$ cat my_file_9.txt   # compact mmCIF, C-alpha atoms
# COMPACT_ATOMS: atom_id res chain seq x y z
CA MET A 1100 21.44 -56.38 53.27
CA ALA A 1101 23.06 -53.36 54.84
CA ASN A 1102 26.08 -53.84 57.02
CA ARG A 1103 24.57 -52.05 60.01
CA TYR A 1104 21.17 -50.84 61.23
CA PHE A 1105 20.72 -47.93 63.61
CA LEU A 1106 18.60 -47.86 66.77
CA ALA A 1107 18.09 -44.93 69.15
CA ASP A 1108 19.70 -46.90 71.98
CA LEU A 1109 22.05 -49.84 71.90
CA PRO A 1110 20.52 -53.05 73.32
CA ALA A 1111 22.37 -54.98 76.03
CA PRO A 1112 23.22 -58.65 75.51
CA GLY A 1113 20.04 -60.79 75.58
CA ARG A 1114 16.82 -61.06 73.54
CA HIS A 1115 15.17 -57.91 72.19
CA ALA A 1116 12.26 -57.00 69.95
CA LEU A 1117 13.31 -54.82 67.01
CA PRO A 1118 11.30 -51.67 66.21
CA GLU A 1119 8.44 -52.29 63.81
CA ASP A 1120 9.94 -50.56 60.77
CA LEU A 1121 13.22 -52.43 61.04
CA ALA A 1122 11.42 -55.74 61.68
CA HIS A 1123 9.32 -55.13 58.57
CA HIS A 1124 12.37 -54.25 56.49
CA LEU A 1125 14.25 -57.37 57.59
CA GLY A 1126 11.28 -59.69 57.23
CA ARG A 1127 9.43 -58.46 54.18
CA VAL A 1128 12.04 -56.65 52.15
CA LEU A 1129 15.18 -58.64 52.88
CA ARG A 1130 13.49 -61.94 53.80
CA ALA A 1131 15.86 -62.47 56.71
CA ARG A 1132 15.62 -65.85 58.47
CA VAL A 1133 16.23 -67.21 61.92
CA GLY A 1134 19.98 -67.45 62.49
CA ASP A 1135 20.92 -64.53 60.19
CA ALA A 1136 23.50 -62.16 61.65
CA VAL A 1137 22.50 -58.51 62.09
CA ARG A 1138 24.73 -55.67 63.24
CA LEU A 1139 23.04 -52.89 65.21
CA GLY A 1140 24.49 -49.49 66.03
CA ASP A 1141 23.48 -46.43 68.02
CA GLY A 1142 25.35 -44.08 65.68
CA ARG A 1143 27.48 -42.88 68.59
CA GLY A 1144 30.21 -45.52 68.38
CA GLY A 1145 28.24 -48.42 69.86
CA THR A 1146 27.88 -51.72 68.01
CA ALA A 1147 25.79 -54.78 68.98
CA GLN A 1148 26.30 -58.09 67.18
CA ALA A 1149 23.01 -59.96 67.02
CA THR A 1150 21.32 -62.99 65.50
CA VAL A 1151 17.72 -63.25 64.35
CA ALA A 1152 15.91 -65.45 66.91
CA VAL A 1153 12.26 -65.08 65.87
CA ILE A 1154 10.89 -63.51 62.70
CA ASP A 1155 7.25 -63.72 61.70
CA ARG A 1156 4.27 -61.52 60.95
CA ARG A 1157 4.15 -60.18 64.47
CA GLY A 1158 7.73 -58.91 64.50
CA CYS A 1159 11.37 -59.77 64.86
CA PHE A 1160 13.39 -60.68 67.94
CA VAL A 1161 17.17 -60.81 67.97
CA ASP A 1162 19.67 -62.25 70.40
CA VAL A 1163 22.41 -59.72 71.10
CA THR A 1164 25.64 -61.57 71.81
CA ASP A 1165 28.26 -58.87 71.96
CA VAL A 1166 28.36 -55.12 72.53
CA ALA A 1167 31.34 -52.88 71.81
CA HIS A 1168 32.13 -49.19 71.56
CA GLU A 1169 34.67 -47.50 69.32
CA PRO A 1170 36.11 -44.02 69.72
CA PRO A 1171 35.16 -41.31 67.21
CA PRO A 1172 37.42 -40.94 64.17
CA PRO A 1173 40.50 -38.76 64.75
CA CYS A 1174 39.28 -35.90 62.56
CA ALA A 1175 35.71 -34.61 62.88
CA LEU A 1176 35.11 -32.80 59.60
CA THR A 1177 32.27 -30.34 59.08
CA LEU A 1178 31.59 -30.08 55.35
CA ALA A 1179 29.97 -26.71 54.62
CA PHE A 1180 28.73 -26.50 51.05
CA ALA A 1181 26.75 -24.04 48.98
CA VAL A 1182 23.56 -25.96 48.24
CA PRO A 1183 23.40 -27.29 44.66
CA ARG A 1184 20.15 -28.70 43.27
CA LEU A 1185 18.53 -31.20 45.54
CA GLN A 1186 19.36 -34.41 43.70
CA ARG A 1187 23.01 -33.44 43.93
CA VAL A 1188 22.74 -32.66 47.63
CA GLU A 1189 21.47 -36.18 48.13
CA TRP A 1190 24.40 -37.78 46.39
CA LEU A 1191 26.78 -35.61 48.37
CA LEU A 1192 25.15 -36.76 51.60
CA GLU A 1193 25.35 -40.40 50.52
CA HIS A 1194 28.92 -40.37 49.34
CA GLY A 1195 30.17 -37.88 51.92
CA THR A 1196 28.90 -40.28 54.57
CA GLU A 1197 30.94 -43.04 52.96
CA VAL A 1198 34.15 -41.02 53.07
CA GLY A 1199 33.63 -40.09 56.71
CA VAL A 1200 32.21 -36.56 56.97
CA ALA A 1201 31.11 -35.93 60.57
CA SER A 1202 28.69 -33.07 59.91
CA PHE A 1203 27.04 -31.68 56.79
CA GLN A 1204 26.37 -27.94 56.85
CA PRO A 1205 24.34 -26.56 53.94
CA ILE A 1206 25.19 -22.89 53.44
CA TRP A 1207 23.54 -20.06 51.51
CA THR A 1208 25.76 -17.66 49.68
CA HIS A 1209 25.38 -14.65 47.42
CA ARG A 1210 25.07 -17.01 44.42
CA THR A 1211 22.74 -19.56 46.04
CA ARG A 1212 19.31 -19.14 47.54
CA PRO A 1213 17.92 -20.66 50.68
CA THR A 1214 16.23 -23.95 49.87
CA GLU A 1215 13.58 -25.78 51.79
CA ALA A 1216 15.14 -27.99 54.42
CA ARG A 1217 14.48 -31.68 53.91
CA ALA A 1218 15.65 -32.73 57.33
CA ASP A 1219 13.82 -36.05 57.54
CA ARG A 1220 14.72 -37.20 54.07
CA TRP A 1221 18.34 -36.12 54.46
CA ASP A 1222 18.66 -37.88 57.80
CA ARG A 1223 17.31 -41.08 56.22
CA ILE A 1224 19.80 -40.87 53.33
CA VAL A 1225 22.68 -40.41 55.74
CA ALA A 1226 21.56 -43.31 57.95
CA ALA A 1227 21.15 -45.63 54.95
CA ALA A 1228 24.61 -44.74 53.63
CA ALA A 1229 26.16 -45.13 57.09
CA GLY A 1230 24.54 -48.56 57.38
CA GLN A 1231 25.81 -49.56 53.96
CA CYS A 1232 29.41 -48.55 54.73
CA ASP A 1233 29.25 -49.77 58.33
CA ARG A 1234 29.97 -46.48 60.09
CA ALA A 1235 29.77 -46.63 63.87
CA TRP A 1236 29.41 -42.84 64.14
CA LEU A 1237 26.45 -41.31 62.32
CA PRO A 1238 27.06 -37.97 60.64
CA THR A 1239 24.68 -35.11 61.37
CA VAL A 1240 22.94 -32.87 58.87
CA GLN A 1241 22.70 -29.32 60.19
CA PRO A 1242 19.95 -26.86 59.26
CA GLY A 1243 21.00 -24.56 56.43
CA CYS A 1244 22.50 -21.20 57.37
CA GLU A 1245 24.00 -18.11 55.82
CA LEU A 1246 27.75 -18.29 55.17
CA ALA A 1247 28.25 -15.12 57.21
CA ASP A 1248 26.38 -16.60 60.18
CA LEU A 1249 28.48 -19.75 60.01
CA LEU A 1250 31.73 -17.74 59.97
CA ALA A 1251 30.52 -15.65 62.91
CA GLN A 1252 30.09 -18.70 65.16
CA ALA A 1253 32.28 -18.56 68.23
CA ALA A 1254 33.12 -22.26 68.18
CA LEU A 1255 34.37 -22.80 64.63
CA PRO A 1256 36.39 -26.01 64.11
CA ALA A 1257 40.10 -25.63 64.78
CA ASN A 1258 41.42 -26.45 61.29
CA ARG A 1259 39.67 -24.47 58.56
CA PHE A 1260 39.90 -24.91 54.82
CA VAL A 1261 38.26 -23.47 51.74
CA ALA A 1262 38.35 -25.05 48.28
CA ARG A 1263 39.75 -22.50 45.83
CA ALA A 1264 41.61 -22.56 42.55
CA ASP A 1265 44.58 -20.60 43.91
CA GLY A 1266 44.99 -22.76 47.03
CA ASP A 1267 47.76 -25.13 48.03
CA ALA A 1268 47.87 -28.86 47.36
CA PRO A 1269 45.76 -30.51 50.05
CA ALA A 1270 47.02 -32.94 52.67
CA PRO A 1271 45.20 -34.97 55.34
CA ALA A 1272 43.84 -32.76 58.13
CA ALA A 1273 45.38 -32.90 61.60
CA PRO A 1274 43.43 -34.77 64.29
CA GLY A 1275 40.74 -32.68 65.96
CA THR A 1276 37.94 -30.68 64.41
CA ALA A 1277 38.07 -29.38 60.86
CA LEU A 1278 35.90 -27.30 58.53
CA LEU A 1279 35.89 -27.37 54.73
CA LEU A 1280 34.02 -24.62 52.87
CA VAL A 1281 32.96 -25.26 49.29
CA GLY A 1282 31.39 -22.51 47.23
CA PRO A 1283 28.68 -22.52 44.58
CA GLU A 1284 29.11 -22.82 40.82
CA GLY A 1285 30.54 -19.42 39.98
CA GLY A 1286 32.43 -19.37 43.26
CA PHE A 1287 32.27 -17.26 46.37
CA THR A 1288 32.18 -13.49 45.79
CA ALA A 1289 35.23 -11.37 46.61
CA GLU A 1290 33.44 -10.09 49.69
CA GLU A 1291 32.63 -13.62 50.82
CA LEU A 1292 36.24 -14.68 50.24
CA ALA A 1293 37.45 -11.76 52.36
CA GLY A 1294 35.27 -12.99 55.23
CA ILE A 1295 36.53 -16.54 54.73
CA ASP A 1296 40.11 -15.27 54.85
CA ARG A 1297 39.40 -13.33 58.04
CA ALA A 1298 38.01 -16.54 59.59
CA GLY A 1299 41.42 -18.15 59.05
CA CYS A 1300 40.51 -20.64 56.32
CA ARG A 1301 43.43 -22.02 54.33
CA GLY A 1302 42.86 -22.41 50.57
CA ILE A 1303 43.21 -25.91 49.12
CA ARG A 1304 43.25 -26.60 45.39
CA LEU A 1305 41.39 -29.62 44.11
CA GLY A 1306 42.94 -30.34 40.73
CA ARG A 1307 42.99 -28.37 37.54
CA HIS A 1308 39.40 -28.53 36.32
CA VAL A 1309 36.27 -26.60 37.15
CA LEU A 1310 34.48 -28.88 39.61
CA ARG A 1311 30.81 -28.96 40.43
CA THR A 1312 30.11 -27.99 44.03
CA GLU A 1313 29.28 -31.52 45.10
CA THR A 1314 32.30 -33.04 43.37
CA ALA A 1315 34.62 -30.54 45.00
CA ALA A 1316 32.97 -31.15 48.37
CA LEU A 1317 33.27 -34.92 48.15
CA ILE A 1318 36.84 -34.94 46.92
CA GLY A 1319 37.98 -32.26 49.33
CA ALA A 1320 36.46 -34.18 52.25
CA ALA A 1321 38.04 -37.43 51.09
CA VAL A 1322 41.49 -35.90 50.81
CA LEU A 1323 41.31 -34.23 54.22
CA LEU A 1324 40.07 -37.46 55.85
CA LEU A 1325 42.38 -39.99 54.18
CA SER A 1326 44.99 -41.17 56.61
CA MET B 311 25.79 -22.77 29.04
CA ALA B 312 28.65 -25.27 29.06
CA ASN B 313 32.16 -23.92 29.22
CA ARG B 314 33.28 -25.77 26.10
CA TYR B 315 31.75 -27.59 23.12
CA PHE B 316 33.52 -30.33 21.21
CA LEU B 317 33.90 -30.62 17.44
CA ALA B 318 35.64 -33.40 15.50
CA ASP B 319 38.17 -30.90 14.14
CA LEU B 320 39.23 -27.54 15.44
CA PRO B 321 38.27 -24.64 13.14
CA ALA B 322 40.90 -22.14 12.02
CA PRO B 323 40.40 -18.41 12.66
CA GLY B 324 37.58 -17.04 10.50
CA ARG B 325 33.82 -17.64 10.07
CA HIS B 326 32.46 -21.18 10.32
CA ALA B 327 29.06 -22.88 10.37
CA LEU B 328 28.52 -25.01 13.46
CA PRO B 329 27.23 -28.56 13.08
CA GLU B 330 23.44 -28.78 13.10
CA ASP B 331 23.07 -30.40 16.54
CA LEU B 332 25.30 -27.82 18.22
CA ALA B 333 23.62 -24.95 16.39
CA HIS B 334 20.24 -26.27 17.52
CA HIS B 335 21.44 -26.61 21.09
CA LEU B 336 22.84 -23.08 21.19
CA GLY B 337 19.88 -21.50 19.44
CA ARG B 338 16.86 -23.35 20.74
CA VAL B 339 17.97 -24.72 24.09
CA LEU B 340 20.33 -22.02 25.32
CA ARG B 341 18.89 -19.11 23.30
CA ALA B 342 22.36 -17.83 22.48
CA ARG B 343 22.52 -14.45 20.73
CA VAL B 344 24.83 -12.72 18.30
CA GLY B 345 27.94 -11.63 20.18
CA ASP B 346 27.87 -14.44 22.75
CA ALA B 347 31.25 -16.07 23.38
CA VAL B 348 31.58 -19.79 22.69
CA ARG B 349 34.60 -21.98 23.40
CA LEU B 350 35.16 -24.89 21.02
CA GLY B 351 37.52 -27.81 21.54
CA ASP B 352 38.67 -30.85 19.60
CA GLY B 353 39.13 -32.90 22.78
CA ARG B 354 42.80 -33.35 21.91
CA GLY B 355 44.15 -30.22 23.55
CA GLY B 356 42.94 -27.71 20.97
CA THR B 357 40.80 -24.73 21.93
CA ALA B 358 39.15 -22.15 19.66
CA GLN B 359 37.67 -18.96 21.11
CA ALA B 360 34.70 -17.89 19.05
CA THR B 361 31.81 -15.43 18.97
CA VAL B 362 28.34 -16.06 17.62
CA ALA B 363 28.07 -14.11 14.33
CA VAL B 364 24.77 -15.36 12.91
CA ILE B 365 22.12 -17.44 14.65
CA ASP B 366 18.69 -18.13 13.15
CA ARG B 367 16.47 -20.97 12.05
CA ARG B 368 18.86 -22.03 9.35
CA GLY B 369 21.85 -22.49 11.67
CA CYS B 370 24.65 -20.80 13.54
CA PHE B 371 27.86 -19.22 12.33
CA VAL B 372 30.70 -18.26 14.63
CA ASP B 373 33.78 -16.11 14.17
CA VAL B 374 36.84 -17.92 15.51
CA THR B 375 39.29 -15.35 16.83
CA ASP B 376 41.96 -17.40 18.53
CA VAL B 377 43.22 -20.97 18.44
CA ALA B 378 45.53 -22.54 21.01
CA HIS B 379 46.75 -25.98 22.00
CA GLU B 380 47.64 -27.25 25.45
CA PRO B 381 49.76 -30.29 26.28
CA PRO B 382 48.08 -33.33 27.85
CA PRO B 383 47.99 -33.44 31.66
CA PRO B 384 51.14 -34.83 33.29
CA CYS B 385 49.48 -38.05 34.46
CA ALA B 386 47.28 -40.07 32.09
CA LEU B 387 45.20 -42.20 34.43
CA THR B 388 43.27 -45.25 33.27
CA LEU B 389 40.51 -45.95 35.78
CA ALA B 390 39.58 -49.64 35.61
CA PHE B 391 36.46 -50.40 37.64
CA ALA B 392 34.22 -53.38 38.23
CA VAL B 393 30.95 -52.28 36.67
CA PRO B 394 28.30 -51.29 39.25
CA ARG B 395 24.68 -50.75 38.20
CA LEU B 396 24.34 -48.51 35.23
CA GLN B 397 23.11 -45.36 36.94
CA ARG B 398 26.21 -45.46 39.10
CA VAL B 399 28.48 -45.99 36.10
CA GLU B 400 27.05 -42.82 34.66
CA TRP B 401 27.84 -40.76 37.69
CA LEU B 402 31.34 -42.17 37.80
CA LEU B 403 31.86 -41.17 34.17
CA GLU B 404 30.54 -37.68 34.86
CA HIS B 405 32.51 -37.01 38.01
CA GLY B 406 35.60 -38.96 36.94
CA THR B 407 35.75 -36.67 33.92
CA GLU B 408 35.68 -33.67 36.23
CA VAL B 409 38.62 -34.92 38.29
CA GLY B 410 40.70 -35.64 35.18
CA VAL B 411 40.54 -39.39 34.39
CA ALA B 412 42.10 -39.97 30.94
CA SER B 413 40.50 -43.32 30.18
CA PHE B 414 37.60 -45.27 31.71
CA GLN B 415 37.97 -49.06 31.53
CA PRO B 416 34.94 -51.07 32.67
CA ILE B 417 36.08 -54.50 33.86
CA TRP B 418 34.26 -57.74 34.57
CA THR B 419 35.31 -59.74 37.56
CA HIS B 420 34.29 -62.92 39.32
CA ARG B 421 31.68 -60.95 41.27
CA THR B 422 30.39 -58.81 38.37
CA ARG B 423 28.81 -59.90 35.10
CA PRO B 424 29.39 -58.47 31.68
CA THR B 425 26.86 -55.72 31.00
CA GLU B 426 25.65 -54.36 27.75
CA ALA B 427 27.99 -51.67 26.47
CA ARG B 428 26.36 -48.26 26.17
CA ALA B 429 29.14 -46.72 24.13
CA ASP B 430 27.17 -43.87 22.57
CA ARG B 431 25.42 -42.86 25.75
CA TRP B 432 28.63 -43.06 27.79
CA ASP B 433 30.57 -41.01 25.23
CA ARG B 434 27.87 -38.32 25.39
CA ILE B 435 28.00 -38.21 29.19
CA VAL B 436 31.77 -37.83 29.16
CA ALA B 437 31.66 -35.08 26.50
CA ALA B 438 28.99 -33.17 28.41
CA ALA B 439 30.96 -33.36 31.65
CA ALA B 440 34.19 -32.37 29.88
CA GLY B 441 32.39 -29.38 28.38
CA GLN B 442 31.00 -28.40 31.76
CA CYS B 443 34.40 -28.51 33.47
CA ASP B 444 36.26 -27.07 30.46
CA ARG B 445 38.63 -29.99 29.81
CA ALA B 446 40.78 -29.58 26.72
CA TRP B 447 41.50 -33.33 26.58
CA LEU B 448 38.48 -35.60 26.29
CA PRO B 449 38.65 -38.86 28.23
CA THR B 450 37.94 -42.09 26.39
CA VAL B 451 35.56 -44.86 27.45
CA GLN B 452 36.98 -48.27 26.54
CA PRO B 453 34.87 -51.31 25.75
CA GLY B 454 34.41 -53.56 28.80
CA CYS B 455 36.88 -56.41 29.25
CA GLU B 456 37.69 -59.22 31.65
CA LEU B 457 40.09 -58.25 34.46
CA ALA B 458 42.44 -61.06 33.41
CA ASP B 459 42.54 -59.81 29.82
CA LEU B 460 43.32 -56.30 31.02
CA LEU B 461 46.18 -57.53 33.21
CA ALA B 462 47.56 -59.62 30.33
CA GLN B 463 47.96 -56.57 28.10
CA ALA B 464 51.55 -55.99 27.03
CA ALA B 465 51.32 -52.21 27.33
CA LEU B 466 49.95 -51.68 30.82
CA PRO B 467 50.43 -48.16 32.24
CA ALA B 468 53.73 -47.65 34.05
CA ASN B 469 52.39 -46.85 37.53
CA ARG B 470 49.81 -49.38 38.72
CA PHE B 471 47.56 -49.16 41.76
CA VAL B 472 44.74 -51.16 43.26
CA ALA B 473 42.30 -49.90 45.90
CA ARG B 474 42.39 -52.26 48.87
CA ALA B 475 41.76 -52.06 52.59
CA ASP B 476 45.28 -53.20 53.51
CA GLY B 477 47.05 -50.78 51.15
CA ASP B 478 49.24 -47.77 51.92
CA ALA B 479 48.07 -44.19 52.23
CA PRO B 480 47.77 -42.83 48.68
CA ALA B 481 49.83 -39.98 47.23
CA PRO B 482 49.66 -38.19 43.87
CA ALA B 483 50.86 -40.44 41.00
CA ALA B 484 54.14 -39.68 39.23
CA PRO B 485 53.94 -38.09 35.77
CA GLY B 486 53.41 -40.59 32.95
CA THR B 487 50.78 -43.27 32.59
CA ALA B 488 48.95 -44.78 35.55
CA LEU B 489 46.34 -47.45 36.18
CA LEU B 490 43.96 -47.69 39.13
CA LEU B 491 42.00 -50.91 39.65
CA VAL B 492 38.83 -50.80 41.74
CA GLY B 493 36.98 -53.99 42.57
CA PRO B 494 33.27 -54.78 42.97
CA GLU B 495 31.20 -54.69 46.15
CA GLY B 496 32.50 -57.74 47.96
CA GLY B 497 35.98 -57.13 46.58
CA PHE B 498 38.27 -58.96 44.22
CA THR B 499 38.66 -62.70 44.90
CA ALA B 500 41.94 -64.02 46.32
CA GLU B 501 42.78 -65.41 42.88
CA GLU B 502 42.10 -62.07 41.24
CA LEU B 503 44.22 -60.28 43.86
CA ALA B 504 47.08 -62.70 43.19
CA GLY B 505 46.95 -61.78 39.49
CA ILE B 506 46.80 -58.08 40.38
CA ASP B 507 49.86 -58.50 42.60
CA ARG B 508 51.75 -60.30 39.82
CA ALA B 509 50.94 -57.38 37.52
CA GLY B 510 52.82 -55.11 39.91
CA CYS B 511 49.89 -53.10 41.28
CA ARG B 512 50.55 -51.26 44.54
CA GLY B 513 47.72 -51.29 47.09
CA ILE B 514 46.30 -47.93 48.17
CA ARG B 515 43.89 -47.55 51.05
CA LEU B 516 41.01 -45.12 50.68
CA GLY B 517 39.92 -44.35 54.21
CA ARG B 518 38.43 -46.50 56.90
CA HIS B 519 34.92 -47.23 55.60
CA VAL B 520 33.51 -49.73 53.14
CA LEU B 521 33.18 -47.71 49.95
CA ARG B 522 30.90 -48.37 47.03
CA THR B 523 32.82 -49.18 43.87
CA GLU B 524 32.10 -45.86 42.23
CA THR B 525 32.95 -43.83 45.33
CA ALA B 526 36.27 -45.64 45.71
CA ALA B 527 36.97 -45.16 41.99
CA LEU B 528 36.25 -41.44 42.06
CA ILE B 529 38.16 -40.72 45.23
CA GLY B 530 41.10 -42.90 44.26
CA ALA B 531 41.34 -41.15 40.90
CA ALA B 532 41.10 -37.72 42.53
CA VAL B 533 43.86 -38.47 45.02
CA LEU B 534 46.21 -39.85 42.36
CA LEU B 535 45.57 -36.86 40.08
CA LEU B 536 45.69 -34.03 42.61
CA SER B 537 48.91 -32.10 42.23
$ encode --input "my_file_9.txt" --output "structure tokens"
Amino acid sequence: MANRYFLADLPAPGRHALPEDLAHHLGRVLRARVGDAVRLGDGRGGTAQATVAVIDRRGCFVDVTDVAHEPPPPCALTLAFAVPRLQRVEWLLEHGTEVGVASFQPIWTHRTRPTEARADRWDRIVAAAAGQCDRAWLPTVQPGCELADLLAQAALPANRFVARADGDAPAPAAPGTALLLVGPEGGFTAEELAGIDRAGCRGIRLGRHVLRTETAALIGAAVLLLS
Amino acid sequence: MANRYFLADLPAPGRHALPEDLAHHLGRVLRARVGDAVRLGDGRGGTAQATVAVIDRRGCFVDVTDVAHEPPPPCALTLAFAVPRLQRVEWLLEHGTEVGVASFQPIWTHRTRPTEARADRWDRIVAAAAGQCDRAWLPTVQPGCELADLLAQAALPANRFVARADGDAPAPAAPGTALLLVGPEGGFTAEELAGIDRAGCRGIRLGRHVLRTETAALIGAAVLLLS
């Protein structure tokens, strides 16, 4: 059983019917019973503690006993990564959610091609992982974009990093918004790196080995977010 | 093409036949050609730079031009982890190799059961990942053991850590030998934690979310090894 299930809106205290898909999942897949505790979230910091009151073929009702809100985490990290093959994107979404990435930004670079967006599937993976690790704030998955278009955005996060072999040892990011850029296998091109430099990204070095894109992305995010 | 291939013994400068399986892989799978560069390692710090001299149906010969040795990394980390399901063990082996784990130690705890060892398959995964990320020192995969038996070993690594929610913020491990213990979903039991405390393991905290075993193991290893 996951630690948290997400609803579009947080229910108030009292009895509520759960949406059909969640009712089905609890009843048929997890075989939940009357009296089982369920935690519901809106993905925007809200948490409702609830208990299964009725569960049968027609649906599931829960009694919400307590509602609370928590502030967002101190550092909102956008993880911008050159898209590896899709299976590896999925594990990055899953594990990046666990370590606390706020926003996933697939990027296309000289050495990677645009891939088909899988918005629905990726959103589901992120929600499942956030439920598993009991995150009150759901991360977002942005549509893919060109690296140059990302760097040209007016509202880039305040603290900007790029994973590179000649960078400094990383340290936790300061509170606020942060961006971590991770290049493809083979790295960013010299031209791309020049643009990244101009955008004020500080190089961080993630160990001594050649890392796959998704490993570098996960570890870099974890190090910046550990506090 | 991987960045490095492992042989039992490092060849001296001169012409050498490659073992049949590697010759087949280079010729049939990767379609290597005469003149292609190949890096060979013994997994114990030795590296031979070579060039394909002959490649045909009967095998592959390379000319070794240069042989070098590098010292082991400053921190030899043993990553001891409660065994999750096997697919997740495999990804931990793959990515733990990339971040520089020296030794993988599967452990059985109160909340995990002994699983069948997959020594051959796990060794192959580690060698493939080490080749991909160009590691000169191959990690080892130890046979699984009970947590209590591990802690009772006379020669435990000098610096000992355990991932736990109430630990301190982690920092890179000092040079020498180190051990990181990572418990199962649901955590170590109080009795197990008491034994871990008695063994002198310092608690480190890996962020604010509930991490899967293999995510905690990978991130904990990365943080201890980053320098």
$ closest_residue --input "my_file_9.txt" --among "A:Val1240, A:Leu1317, A:Ile1224, A:Val1322" --to "Ala1270 (chain A)" --atoms "only C-alpha atoms"
A:Val1322
$ residues_near_point --input "my_file_9.txt" --point "(43.5, -50.4, 53.1)" --cutoff "7 Å" --atoms "only C-alpha atoms" --output "PDB file with C-alpha atoms, in the frame of the given file"
ATOM      1  CA  ARG B 474      42.390 -52.260  48.870  1.00  0.00           C
ATOM      2  CA  ALA B 475      41.760 -52.060  52.590  1.00  0.00           C
ATOM      3  CA  ASP B 476      45.280 -53.200  53.510  1.00  0.00           C
ATOM      4  CA  GLY B 477      47.050 -50.780  51.150  1.00  0.00           C
ATOM      5  CA  ASP B 478      49.240 -47.770  51.920  1.00  0.00           C
ATOM      6  CA  ILE B 514      46.300 -47.930  48.170  1.00  0.00           C
ATOM      7  CA  ARG B 515      43.890 -47.550  51.050  1.00  0.00           C
ATOM      8  CA  LEU B 516      41.010 -45.120  50.680  1.00  0.00           C
TER       9      LEU B 516
END
$ interface_residues --input "my_file_9.txt" --of "chain B" --to "chain A" --cutoff "8 Å" --atoms "only C-alpha atoms" --output "list in words"
His405, Glu408, Val409, Gly410, Gln442, Cys443, Asp444, Arg445, Ala479, Leu516, Gly517, Arg518, His519, Val520, Leu521, Arg522, Thr525, Ile529, Ala532, Val533, Leu535, Leu536 and Ser537 of chain B
$ residues_around --input "my_file_9.txt" --residues "region 1179-1186 of chain A" --least-positions-apart "3" --cutoff "7 Å" --atoms "all atoms listed in the file" --output "list in words"
Glu1189, Trp1190, Phe1203, Gln1204, Pro1205, Ile1206, Trp1207, Thr1208, Thr1211, Leu1279, Leu1280, Val1281, Gly1282, Pro1283, Thr1312 and Ala1316 of chain A
$ atom_distance --input "my_file_9.txt" --atom1 "CA of Phe371 (chain B)" --atom2 "CA of Ala342 (chain B)"
11.6 Å
$ atom_distance --input "my_file_9.txt" --atom1 "CA of Leu1192 (chain A)" --atom2 "CA of Ala1218 (chain A)"
11.8 Å
$ atom_distance --input "my_file_9.txt" --atom1 "CA of Val1137 (chain A)" --atom2 "CA of Arg1114 (chain A)"
13.0 Å
$ decode --input "my_file_9.txt" --residues "region 1145-1153 of chain A" --atoms "N, CA, C and O atoms" --output "tab-separated table (two decimals), in the first residue's frame"
chain	number	residue	atom	x	y	z
A	1145	GLY	N	-1.01	19.81	0.84
A	1145	GLY	CA	-2.13	19.43	1.69
A	1145	GLY	C	-2.17	17.93	1.96
A	1145	GLY	O	-1.89	17.14	1.06
A	1146	THR	N	-2.52	17.56	3.18
A	1146	THR	CA	-2.61	16.16	3.56
A	1146	THR	C	-3.89	15.94	4.36
A	1146	THR	O	-4.16	16.68	5.31
A	1147	ALA	N	-4.67	14.91	3.98
A	1147	ALA	CA	-5.87	14.54	4.74
A	1147	ALA	C	-5.67	13.12	5.26
A	1147	ALA	O	-5.37	12.21	4.49
A	1148	GLN	N	-5.82	12.96	6.58
A	1148	GLN	CA	-5.79	11.62	7.17
A	1148	GLN	C	-7.21	11.08	7.12
A	1148	GLN	O	-8.15	11.78	7.51
A	1149	ALA	N	-7.36	9.86	6.65
A	1149	ALA	CA	-8.70	9.31	6.48
A	1149	ALA	C	-8.73	7.84	6.87
A	1149	ALA	O	-7.68	7.20	7.00
A	1150	THR	N	-9.96	7.34	7.06
A	1150	THR	CA	-10.18	5.94	7.38
A	1150	THR	C	-11.25	5.39	6.45
A	1150	THR	O	-12.24	6.09	6.17
A	1151	VAL	N	-11.04	4.19	5.97
A	1151	VAL	CA	-12.04	3.58	5.08
A	1151	VAL	C	-13.32	3.32	5.88
A	1151	VAL	O	-13.29	2.64	6.91
A	1152	ALA	N	-14.46	3.89	5.41
A	1152	ALA	CA	-15.73	3.74	6.12
A	1152	ALA	C	-16.62	2.71	5.43
A	1152	ALA	O	-17.32	1.93	6.08
A	1153	VAL	N	-16.64	2.72	4.11
A	1153	VAL	CA	-17.44	1.78	3.33
A	1153	VAL	C	-16.59	1.36	2.15
A	1153	VAL	O	-15.97	2.21	1.50
